[in-house]
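Okay, structure first, notes after.
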Amino acid sequence: MSVEANKETARRLISQLETGKIDTSMLADSFTMWTAITGEMSREQYLGFGVAVPAVFTKPLELHITEMTAEGNRVAVQVHSGGELKTGVPYRNNYHFLFEFEGGKIVRMREHMDTKHASETLAVALGA
Amino acid sequence: MSTETNKRTARTLFEMVSAGAIDPEIFTDSFVLWAPMTGQEMSREQYFAGYEALRREFRTPFKIIVTGMVAEEDRVAVEGRSEGEFTTGEPYRNHYHFLLYFKDGKIARMHEHMDSKHVMDVVMPKLSVS
């Protein structure tokens, strides 16, 4: 798959994170996802988590891609988000994702983000 | 400059950070550092002041180990992790995904995405009392 096709898949996934309705055909069976807060999650663990997160927003999370850097089978995506949590506080995070592709599917995803902001706001709303 | 040259320069920057001495010439004069944790942009001088303040809290310079790089046009995204030991003996283990922008072979802009909670938990208490 071309770098451009991988970028397009990364764009689609980021946009689907807004609602949590993820087209699972984009994810390889052996897909894993990592954040510094959660550690590594399997495909099933991550898809369960993706459903839980949008539920705690009263104003849906909007994600804006600010930069994409791609080479070989990898795409780095810088993103900022904005939304409001059911706890009444705004959620505005900054991310730098790394996606690794295999056969056109995402096999690994690492979500580097402002973990301080997430743990003070989103984790509270999730009751984590 | 080619993406391969930029990647080499990116690697050199983190080798210099790990060695405890950064050559300011690796940055442009108008270099800017942005870190989501503070939300503020820092000049080259402010970046060096911050680096020195942090370095003093460590027994030996903390190392940034590059684990992956992705380059396109004027940009290099660098994943890495740090290893260090504070003068108090506590470990410092952070995760990073930098985004570097290059201009004429020098680093013009750096975005430092990192595990900010780890910084708040282990670094900030030390800087505020020193």
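Labels for the structure tokens follow display order: chains A, B, ..., residues from 1 in each chain, ligands from 1.
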**OP:** Could you give me, as a list in words, the residues within 6 Å of segment 53-60 of chain B, counting only C-alpha atoms and dropping anything in the same chain fewer than 5 positions from it?
**Re:** Glu85, Phe86 and Thr87 of chain B
With N, CA, C and O atoms retained, export the selected residues as a tab-separated table (two decimals), in the first residue's frame.
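Contents of the output file result19.tsv:
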chain	number	residue	atom	x	y	z
B	85	GLU	N	18.31	9.07	36.13
B	85	GLU	CA	18.19	8.89	37.58
B	85	GLU	C	18.39	10.25	38.23
B	85	GLU	O	19.41	10.90	38.03
B	86	PHE	N	17.40	10.66	38.98
B	86	PHE	CA	17.50	11.94	39.69
B	86	PHE	C	18.55	11.86	40.78
B	86	PHE	O	18.94	10.77	41.21
B	87	THR	N	18.97	13.02	41.24
B	87	THR	CA	19.95	13.05	42.35
B	87	THR	C	19.36	12.37	43.59
B	87	THR	O	20.10	11.88	44.43
**OP:** Using backbone DSSP assignments, extract all helix (DSSP H, G or I) residues from chain B; output them as a count of residues only.
**Re:** 46
Original post:
Any idea which chain B residues end up within 10 Å of chain A if we count only C-alpha atoms, as a VMD selection string please?
Top reply: chain B and resid 3 35 to 39 68 to 79 94 to 99 111 to 121
Hey, what does DSSP flag as strand (DSSP E) within chain A? Can you give it to me as a CSV table (one decimal) with N, CA, C and O atoms, in the first residue's frame?
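The resulting part_8.csv:
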chain,number,residue,atom,x,y,z
A,27,LEU,N,-8.5,-2.3,11.0
A,27,LEU,CA,-7.5,-2.7,12.0
A,27,LEU,C,-7.2,-4.2,11.7
A,27,LEU,O,-8.0,-5.0,11.5
A,28,ALA,N,-5.9,-4.5,11.7
A,28,ALA,CA,-5.4,-5.9,11.6
A,28,ALA,C,-5.9,-6.7,12.8
A,28,ALA,O,-6.1,-6.2,13.8
A,29,ASP,N,-6.0,-8.0,12.6
A,29,ASP,CA,-6.4,-8.9,13.7
A,29,ASP,C,-5.4,-8.8,14.9
A,29,ASP,O,-5.9,-8.8,16.0
A,30,SER,N,-4.2,-8.6,14.6
A,30,SER,CA,-3.2,-8.5,15.7
A,30,SER,C,-2.9,-7.1,16.1
A,30,SER,O,-2.0,-6.8,16.8
A,31,PHE,N,-3.8,-6.2,15.8
A,31,PHE,CA,-3.7,-4.8,16.1
A,31,PHE,C,-3.5,-4.6,17.6
A,31,PHE,O,-4.2,-5.3,18.5
A,32,THR,N,-2.6,-3.7,18.0
A,32,THR,CA,-2.5,-3.3,19.4
A,32,THR,C,-2.4,-1.8,19.4
A,32,THR,O,-2.0,-1.1,18.5
A,33,MET,N,-2.8,-1.3,20.6
A,33,MET,CA,-2.8,0.2,20.8
A,33,MET,C,-2.2,0.5,22.1
A,33,MET,O,-2.3,-0.3,23.1
A,34,TRP,N,-1.4,1.6,22.2
A,34,TRP,CA,-0.7,1.9,23.4
A,34,TRP,C,-0.9,3.4,23.7
A,34,TRP,O,-0.9,4.3,22.8
A,35,THR,N,-1.2,3.7,25.0
A,35,THR,CA,-1.0,5.0,25.5
A,35,THR,C,-0.2,4.9,26.8
A,35,THR,O,-0.2,3.8,27.4
A,39,GLY,N,-1.1,1.7,28.9
A,39,GLY,CA,-0.2,0.7,28.5
A,39,GLY,C,-0.8,0.0,27.2
A,39,GLY,O,-1.6,0.7,26.5
A,40,GLU,N,-0.3,-1.2,26.9
A,40,GLU,CA,-0.8,-1.8,25.6
A,40,GLU,C,-2.1,-2.4,25.7
A,40,GLU,O,-2.4,-3.1,26.7
A,41,MET,N,-3.0,-2.2,24.7
A,41,MET,CA,-4.3,-2.8,24.7
A,41,MET,C,-4.4,-3.6,23.5
A,41,MET,O,-3.9,-3.3,22.4
A,42,SER,N,-5.2,-4.7,23.6
A,42,SER,CA,-5.5,-5.5,22.4
A,42,SER,C,-6.6,-4.9,21.6
A,42,SER,O,-7.2,-3.9,22.0
A,57,PHE,N,-19.0,12.5,26.9
A,57,PHE,CA,-18.9,13.9,26.4
A,57,PHE,C,-20.4,14.4,26.2
A,57,PHE,O,-21.2,13.8,25.6
A,58,THR,N,-20.6,15.7,26.7
A,58,THR,CA,-21.9,16.3,26.4
A,58,THR,C,-21.8,17.1,25.1
A,58,THR,O,-22.8,17.2,24.4
A,59,LYS,N,-20.6,17.7,24.9
A,59,LYS,CA,-20.4,18.3,23.5
A,59,LYS,C,-19.4,17.4,22.9
A,59,LYS,O,-18.2,17.2,23.4
A,60,PRO,N,-19.8,16.7,21.8
A,60,PRO,CA,-18.9,15.7,21.2
A,60,PRO,C,-17.5,16.2,20.9
A,60,PRO,O,-17.3,17.4,20.5
A,61,LEU,N,-16.6,15.3,21.0
A,61,LEU,CA,-15.2,15.6,20.8
A,61,LEU,C,-15.0,15.8,19.3
A,61,LEU,O,-15.4,15.0,18.5
A,62,GLU,N,-14.3,16.9,19.0
A,62,GLU,CA,-13.9,17.2,17.6
A,62,GLU,C,-12.4,17.0,17.5
A,62,GLU,O,-11.7,17.6,18.4
A,63,LEU,N,-12.0,16.3,16.5
A,63,LEU,CA,-10.5,16.1,16.3
A,63,LEU,C,-10.1,16.9,15.0
A,63,LEU,O,-10.7,16.7,14.0
A,64,HIS,N,-9.0,17.6,15.1
A,64,HIS,CA,-8.5,18.3,14.0
A,64,HIS,C,-7.0,17.9,13.7
A,64,HIS,O,-6.2,18.0,14.6
A,65,ILE,N,-6.8,17.5,12.5
A,65,ILE,CA,-5.4,17.1,12.2
A,65,ILE,C,-4.6,18.3,11.8
A,65,ILE,O,-5.0,19.1,11.0
A,66,THR,N,-3.4,18.5,12.5
A,66,THR,CA,-2.6,19.7,12.2
A,66,THR,C,-1.4,19.3,11.4
A,66,THR,O,-0.7,20.2,10.9
A,67,GLU,N,-1.0,18.1,11.4
A,67,GLU,CA,0.2,17.7,10.6
A,67,GLU,C,0.2,16.2,10.4
A,67,GLU,O,-0.2,15.4,11.3
A,68,MET,N,0.6,15.7,9.2
A,68,MET,CA,0.9,14.3,9.0
A,68,MET,C,2.3,14.2,8.4
A,68,MET,O,2.7,14.9,7.5
A,69,THR,N,3.0,13.2,8.9
A,69,THR,CA,4.3,12.9,8.4
A,69,THR,C,4.4,11.4,8.1
A,69,THR,O,4.1,10.6,9.0
A,70,ALA,N,4.6,11.0,6.9
A,70,ALA,CA,4.5,9.6,6.5
A,70,ALA,C,5.8,9.1,5.8
A,70,ALA,O,6.4,9.9,5.0
A,71,GLU,N,6.1,7.9,6.0
A,71,GLU,CA,7.3,7.3,5.4
A,71,GLU,C,7.2,5.8,5.5
A,71,GLU,O,6.9,5.3,6.6
A,74,ARG,N,4.7,3.8,7.9
A,74,ARG,CA,4.3,4.5,9.1
A,74,ARG,C,3.8,5.9,8.8
A,74,ARG,O,4.2,6.5,7.9
A,75,VAL,N,2.8,6.3,9.6
A,75,VAL,CA,2.2,7.6,9.5
A,75,VAL,C,2.2,8.2,10.9
A,75,VAL,O,1.6,7.6,11.8
A,76,ALA,N,2.8,9.4,11.1
A,76,ALA,CA,2.7,10.2,12.3
A,76,ALA,C,1.6,11.2,12.1
A,76,ALA,O,1.7,11.9,11.1
A,77,VAL,N,0.7,11.4,13.1
A,77,VAL,CA,-0.4,12.3,12.9
A,77,VAL,C,-0.5,13.2,14.1
A,77,VAL,O,-0.8,12.7,15.2
A,78,GLN,N,-0.3,14.5,13.9
A,78,GLN,CA,-0.5,15.4,15.1
A,78,GLN,C,-1.9,16.0,15.0
A,78,GLN,O,-2.4,16.4,14.0
A,79,VAL,N,-2.5,16.0,16.2
A,79,VAL,CA,-4.0,16.3,16.3
A,79,VAL,C,-4.2,17.2,17.5
A,79,VAL,O,-3.5,17.0,18.5
A,80,HIS,N,-5.2,18.1,17.4
A,80,HIS,CA,-5.7,18.6,18.7
A,80,HIS,C,-7.2,18.4,18.7
A,80,HIS,O,-7.9,18.3,17.7
A,81,SER,N,-7.7,18.4,19.9
A,81,SER,CA,-9.2,18.0,20.1
A,81,SER,C,-9.8,19.1,21.0
A,81,SER,O,-9.2,19.8,21.8
A,82,GLY,N,-11.1,19.1,20.9
A,82,GLY,CA,-11.9,20.0,21.8
A,82,GLY,C,-13.3,19.3,22.0
A,82,GLY,O,-13.9,18.8,21.0
A,83,GLY,N,-13.8,19.4,23.2
A,83,GLY,CA,-15.1,18.9,23.5
A,83,GLY,C,-15.5,19.3,24.9
A,83,GLY,O,-14.7,20.0,25.6
A,84,GLU,N,-16.6,18.9,25.4
A,84,GLU,CA,-17.0,19.1,26.8
A,84,GLU,C,-17.4,17.9,27.4
A,84,GLU,O,-18.2,17.1,26.9
A,85,LEU,N,-16.9,17.6,28.6
A,85,LEU,CA,-17.2,16.4,29.3
A,85,LEU,C,-18.5,16.5,30.2
A,85,LEU,O,-18.9,17.7,30.5
A,90,PRO,N,-14.2,21.5,30.0
A,90,PRO,CA,-13.8,21.3,28.7
A,90,PRO,C,-12.6,20.3,28.6
A,90,PRO,O,-11.8,20.2,29.5
A,91,TYR,N,-12.6,19.6,27.4
A,91,TYR,CA,-11.5,18.7,27.2
A,91,TYR,C,-10.8,19.1,25.9
A,91,TYR,O,-11.4,19.2,24.8
A,94,ASN,N,-3.9,17.5,23.0
A,94,ASN,CA,-3.0,17.5,21.9
A,94,ASN,C,-2.4,16.1,21.8
A,94,ASN,O,-2.0,15.5,22.8
A,95,TYR,N,-2.3,15.6,20.6
A,95,TYR,CA,-1.8,14.3,20.3
A,95,TYR,C,-0.8,14.2,19.2
A,95,TYR,O,-0.7,15.1,18.3
A,96,HIS,N,0.1,13.2,19.3
A,96,HIS,CA,0.9,12.9,18.2
A,96,HIS,C,0.9,11.3,18.1
A,96,HIS,O,1.6,10.6,18.8
A,97,PHE,N,0.0,10.9,17.2
A,97,PHE,CA,-0.2,9.4,17.0
A,97,PHE,C,0.9,8.9,16.1
A,97,PHE,O,1.4,9.6,15.2
A,98,LEU,N,1.2,7.6,16.3
A,98,LEU,CA,2.0,6.9,15.3
A,98,LEU,C,1.2,5.6,14.9
A,98,LEU,O,0.8,4.9,15.8
A,99,PHE,N,1.0,5.5,13.6
A,99,PHE,CA,0.3,4.3,13.1
A,99,PHE,C,1.3,3.5,12.2
A,99,PHE,O,2.1,4.1,11.4
A,100,GLU,N,1.3,2.2,12.5
A,100,GLU,CA,2.1,1.3,11.6
A,100,GLU,C,1.1,0.4,10.8
A,100,GLU,O,0.2,-0.1,11.4
A,101,PHE,N,1.4,0.3,9.5
A,101,PHE,CA,0.6,-0.4,8.6
A,101,PHE,C,1.2,-1.8,8.2
A,101,PHE,O,2.4,-1.9,8.0
A,102,GLU,N,0.3,-2.7,7.9
A,102,GLU,CA,0.7,-4.0,7.3
A,102,GLU,C,-0.4,-4.4,6.4
A,102,GLU,O,-1.6,-4.5,6.8
A,105,LYS,N,-3.6,-2.3,6.5
A,105,LYS,CA,-4.4,-2.2,7.7
A,105,LYS,C,-3.5,-1.7,8.8
A,105,LYS,O,-2.2,-1.9,8.8
A,106,ILE,N,-4.1,-1.1,9.8
A,106,ILE,CA,-3.3,-0.6,11.0
A,106,ILE,C,-3.0,-1.7,11.9
A,106,ILE,O,-3.9,-2.4,12.4
A,107,VAL,N,-1.7,-2.0,12.1
A,107,VAL,CA,-1.4,-3.1,13.0
A,107,VAL,C,-0.9,-2.6,14.4
A,107,VAL,O,-1.1,-3.3,15.3
A,108,ARG,N,-0.4,-1.4,14.4
A,108,ARG,CA,0.0,-0.8,15.7
A,108,ARG,C,-0.4,0.7,15.7
A,108,ARG,O,-0.2,1.4,14.7
A,109,MET,N,-0.8,1.1,16.9
A,109,MET,CA,-1.2,2.5,17.1
A,109,MET,C,-0.6,3.0,18.4
A,109,MET,O,-0.8,2.2,19.4
A,110,ARG,N,0.1,4.1,18.4
A,110,ARG,CA,0.5,4.6,19.7
A,110,ARG,C,0.0,6.0,19.8
A,110,ARG,O,0.2,6.8,18.9
A,111,GLU,N,-0.7,6.3,20.9
A,111,GLU,CA,-1.3,7.6,21.1
A,111,GLU,C,-0.6,8.4,22.1
A,111,GLU,O,-0.8,8.2,23.3
A,112,HIS,N,0.4,9.2,21.7
A,112,HIS,CA,1.1,10.1,22.6
A,112,HIS,C,0.2,11.3,22.7
A,112,HIS,O,-0.2,11.9,21.8
A,113,MET,N,0.0,11.7,24.0
A,113,MET,CA,-0.9,12.8,24.2
A,113,MET,C,-0.6,13.5,25.5
A,113,MET,O,0.3,13.0,26.3
Subject >> Distance in Å - atom CA of Thr9 of chain A versus atom CA of Arg11 of chain B >> reply: 28.6 Å
Hey, what's within 6 Å of Gly84 of chain B if we count only C-alpha atoms and toss same-chain stuff fewer than 6 positions away? As a compact mmCIF listing (two decimals) with N, CA, C and O atoms, in the first residue's frame, please?
# COMPACT_ATOMS: atom_id res chain seq x y z
N PHE B 62 20.23 12.75 31.62
CA PHE B 62 19.21 11.76 31.24
C PHE B 62 19.36 11.48 29.75
O PHE B 62 19.66 12.37 28.97
N PRO B 91 13.93 7.03 39.48
CA PRO B 91 14.10 6.90 38.02
C PRO B 91 13.22 7.89 37.26
O PRO B 91 12.17 8.30 37.76
N TYR B 92 13.66 8.24 36.08
CA TYR B 92 12.86 9.07 35.17
C TYR B 92 12.71 8.28 33.88
O TYR B 92 13.68 7.96 33.22
**OP:** Can you pull out every residue within 8 Å of Val53 of chain A, counting only C-alpha atoms, but drop anything in the same chain fewer than 3 positions away, and send it as an NGL selection string?
**Re:** :A and (20 or 49-50 or 56-57 or 126)
Subject >> Residue among A:Ser25, A:Thr19, A:Gly48, A:Thr121 lying closest to Gly104 of chain A, counting only C-alpha atoms >> reply: A:Ser25
**OP:** Please provide the set of residues having any atom within 12 Å of segment 21-31 of chain B, restricted to only C-alpha atoms, with same-chain residues fewer than 3 positions apart removed, written as a PyMOL selection string.
**Re:** chain B and resi 6+8-18+34+41-49+51-52+55+60-63+100-111
Original post:
Residues at most 9 Å from Leu13 of chain A, counting only C-alpha atoms, excluding those fewer than 5 positions away in the same chain, as a VMD selection string?
Top reply: chain A and resid 8 22 to 23 26
Output all heavy atoms for every residue in that selection, as a tab-separated table (two decimals), in the first residue's frame.
chain	number	residue	atom	x	y	z
A	8	GLU	N	-4.57	8.21	4.12
A	8	GLU	CA	-6.03	8.30	4.01
A	8	GLU	C	-6.70	7.43	5.09
A	8	GLU	O	-7.68	7.85	5.72
A	8	GLU	CB	-6.46	7.88	2.59
A	8	GLU	CG	-7.92	8.11	2.28
A	8	GLU	CD	-8.43	9.51	2.64
A	8	GLU	OE1	-7.69	10.49	2.40
A	8	GLU	OE2	-9.55	9.62	3.18
A	22	ILE	N	-15.88	2.88	15.00
A	22	ILE	CA	-14.67	2.59	14.23
A	22	ILE	C	-14.92	1.46	13.24
A	22	ILE	O	-15.47	0.41	13.62
A	22	ILE	CB	-13.50	2.24	15.19
A	22	ILE	CG1	-13.15	3.48	16.03
A	22	ILE	CG2	-12.28	1.76	14.42
A	22	ILE	CD1	-12.28	3.20	17.22
A	23	ASP	N	-14.57	1.68	11.98
A	23	ASP	CA	-14.63	0.65	10.96
A	23	ASP	C	-13.52	-0.35	11.26
A	23	ASP	O	-12.35	-0.11	10.98
A	23	ASP	CB	-14.44	1.29	9.58
A	23	ASP	CG	-14.35	0.27	8.47
A	23	ASP	OD1	-14.47	-0.94	8.76
A	23	ASP	OD2	-14.14	0.67	7.32
A	26	MET	N	-10.41	-1.68	9.21
A	26	MET	CA	-9.15	-0.94	9.05
A	26	MET	C	-8.06	-1.48	9.97
A	26	MET	O	-6.90	-1.14	9.82
A	26	MET	CB	-9.35	0.55	9.38
A	26	MET	CG	-10.21	1.28	8.39
A	26	MET	SD	-10.11	3.07	8.65
A	26	MET	CE	-10.89	3.23	10.23
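Proximity to Ala125 of chain A was assessed for A:Arg92, A:Lys86, A:Lys21, A:Arg12 counting only C-alpha atoms; the smallest distance is recorded for A:Lys86.
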